[in-house]
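Worksheet for the structure shown next.
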Amino acid sequence: MQKQAALTQPRMRLFDNTALFHLILPLIIEQFLTIAVGMVDSVMVSSVGEAAVSAVSLVDTVNVLIVNLFSALATGGAVVAGQYLGRQDNDSAEKAGNQLLLFTGAAALVVMALVYLGRNLLLDVVFGHLEADVRAYCYTYLMIVSASIPFIALYNSGAALFRVMGNSNVSMIVSIVMNTVNIVGNALLIYRLRMGVAGAAIPTLVSRALAAVLVLIFLRRPAQSIRLRLPFNFHFDRDMVMRILRLGVPSGLENSMFQLGKIVLLSLVATFGTASIAANAVGNSVCSFQSLAGMAMSMAMVAVISRCVGAGDEEQIRYYIRKLMLICYAVMLATNLLILLALPLILQAYNLSPETMAMARQVLILHGSFCCLIWPLSFTLPNALRAANDVRFSMVVSVASMWLFRVICGVVFATTLGMGMFGTWAAMIVDWAVRSVFFVHRIRTGGWKRTAFGL
């Protein structure tokens, strides 16, 4: 009891309120900018036509899978570095950071090559039968954006390292530059030069390359816990890489299975016609705002809890889980109320047919309503488990729930029950509810302590 009471004293905390504010606010701003630019991208592409919107949405589903894979590896590396920082072992933290950059950079080059080699498999098998104009747009967009895979992998790794150092201002600044370049480039190439889908893809490539360069430059600054060592050592440290992979691979597999399931459902949605594909794309774009606070808090959860685990302080782990979850719920409730009130104006920004607009409105009301209730338990809370090395449990629960409830129920709801595209979104809510039960139980019973402290 005395130890828990001591946590009310700011001097005992690893992160006081000021430190949390400076960590969380830039993350929310960064997420807002990223999602806002994604939405503006969709609006700009919609000026080319619904076929272009559908094509960009299809390719971005694969891109998100790849980006999430490297984000998971970045998270694994950040957890390792954060735990070293919690133990006051800055040399090992820096070594972990440099090994993370080396491994993700090398792996990203391999993935990029595989995407180019398998482009026809993606377009003709994974996406199924596409209309000719949609396929042509998909090909153009895929060929350009795939070149940015190594850059976004390096950016994500560098940003994750800054967050675990408690400095999310850097990733926010780089995100501002990246997204500004992206949106200005889109406006110029799409509206002025009339380059269509290519006008959306080229700025994405350029902005990601610039972001990677900037984050590496920032990592060279002195007086920070983790720095990019020069001359850079291209030798893999087997033990350090394996530790990063033990945390990153399960999360990467989880994210990959999650996105693969979405692709399976997207293939199902594609059978319902262009209107359903476009409504689904608009829904995916706008619903990102509805979960914006949760995504930011998920990143903060990793940064804070990994440091607490490294310090070996169970009481602070529980304290910060509760505190971060309360903040998450408060901000998500506020943002979702605002978005639902502004929904008519948001949908008018898209160049949609009445049928497409009606379907998009349905899915956004459904998503926003449940986002306030169970999204944080489904996605923010398990990041506390990952920061405590409990990655296998979160992986098994997430993958099993995804395929058993989201995918299978999605097929049943959409086809057997005749709910169409809306059925895939209803199944998603079922998936959220199931995984929430398991994650809450894991936290409350303390099963994570075996991986965090070897108990």
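Following the order of the structure tokens, chains are lettered A, B, ..., residues in each are numbered from 1, and ligands are numbered from 1.
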
Considering only C-alpha atoms, return as a list in words whatever protein or nucleic-acid residues lie within 9 Å of Ser398 of chain A, sequence-local ones (same chain, fewer than 3 positions apart) excluded.
-> Glu254, Asn255, Met257, Phe258, Ser378, Phe393, Ser394, Met395, Ser401, Met402, Trp403, Asp431 and Arg435 of chain A

Same residues, C-alpha atoms, output as a PDB file, in the first residue's frame:
ATOM      1  CA  GLU A 254      -0.409 -10.414 -36.082  1.00  0.00           C
ATOM      2  CA  ASN A 255      -0.551  -7.217 -38.153  1.00  0.00           C
ATOM      3  CA  MET A 257      -2.741 -11.594 -40.641  1.00  0.00           C
ATOM      4  CA  PHE A 258      -4.969  -8.677 -39.735  1.00  0.00           C
ATOM      5  CA  SER A 378      -9.072  -4.124 -28.517  1.00  0.00           C
ATOM      6  CA  PHE A 393      -0.616 -14.015 -26.203  1.00  0.00           C
ATOM      7  CA  SER A 394      -1.727 -10.874 -28.032  1.00  0.00           C
ATOM      8  CA  MET A 395      -0.776 -12.468 -31.356  1.00  0.00           C
ATOM      9  CA  SER A 401     -10.354 -13.567 -33.363  1.00  0.00           C
ATOM     10  CA  MET A 402      -9.629 -11.990 -36.744  1.00  0.00           C
ATOM     11  CA  TRP A 403     -10.131 -15.172 -38.736  1.00  0.00           C
ATOM     12  CA  ASP A 431     -14.064  -9.214 -33.572  1.00  0.00           C
ATOM     13  CA  ARG A 435     -10.538  -9.767 -28.325  1.00  0.00           C
TER      14      ARG A 435
END

*Contacts of Val80 of chain A at 12 Å or less, counting only C-alpha atoms, minus same-chain residues fewer than 3 places along, as a ChimeraX atom specification?*
/A:73-77,83-87,89-90,92-100,160-161,164-165,239-248,302-303,305-307,309-310,386-389,452

Rows by chain and residue number, segment 423-454 of chain A within 12 Å of segment 346-364 of chain A, shortest pair, only C-alpha atoms, as CSV:
residue,atom,partner,partner_atom,distance
A:Gly423,CA,A:Val363,CA,9.4
A:Thr424,CA,A:Val363,CA,9.6
A:Trp425,CA,A:Val363,CA,6.6
A:Ala426,CA,A:Val363,CA,8.4
A:Ala427,CA,A:Val363,CA,11.5
A:Met428,CA,A:Val363,CA,10.8
A:Ile429,CA,A:Val363,CA,11.0

Would you write out, as a Markdown table, a table of all residues in segment 18-121 of chain A that have an atom no more than 12 Å from an atom of segment 330-339 of chain A, listing for each the closest atom pair and the distance in Å to one decimal, considering only C-alpha atoms and ordering rows by chain and rising residue number?
| residue | atom | partner | partner_atom | distance |
| --- | --- | --- | --- | --- |
| A:Ile24 | CA | A:Val331 | CA | 11.2 |
| A:Leu25 | CA | A:Val331 | CA | 11.1 |
| A:Ile28 | CA | A:Val331 | CA | 9.9 |
| A:Phe32 | CA | A:Thr335 | CA | 11.1 |

So that I have them on file, write out the residues from the current selection with C-alpha atoms, as a compact mmCIF listing (two decimals), in the first residue's frame.
# COMPACT_ATOMS: atom_id res chain seq x y z
CA ILE A 24 1.04 12.32 -26.16
CA LEU A 25 0.15 15.66 -27.77
CA ILE A 28 -2.06 12.97 -31.60
CA PHE A 32 -4.11 13.68 -37.22

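Nearest residue to Ala414 of chain A among A:Ala198, A:Ala153, A:Leu266, A:Ala55 is A:Leu266, counting only C-alpha atoms.
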
Hey, which bits of segment 138-197 of chain A sit within 8 Å of segment 45-49 of chain A, and for each residue what's the closest pair of atoms and how far apart in Å (one decimal), counting only C-alpha atoms, rows by chain and increasing number, as a tab-separated table?
residue	atom	partner	partner_atom	distance
A:Ile190	CA	A:Val45	CA	7.6
A:Gly196	CA	A:Val48	CA	6.1
A:Val197	CA	A:Val45	CA	6.7

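The closest residue to Leu377 of chain A, picked from A:Val134, A:Val440, A:Met143, A:Val174 and counting only C-alpha atoms, is A:Val440.
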
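With only C-alpha atoms as the atoms that count, the residue of A:Phe289, A:Phe422, A:Phe453, A:Tyr137 with the shortest distance to Asp313 of chain A is A:Phe453.
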
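Here the question is which of A:Ala159, A:Cys138, A:Ala278, A:Val264 gets nearest to Glu50 of chain A using only C-alpha atoms, and that residue is A:Ala278.
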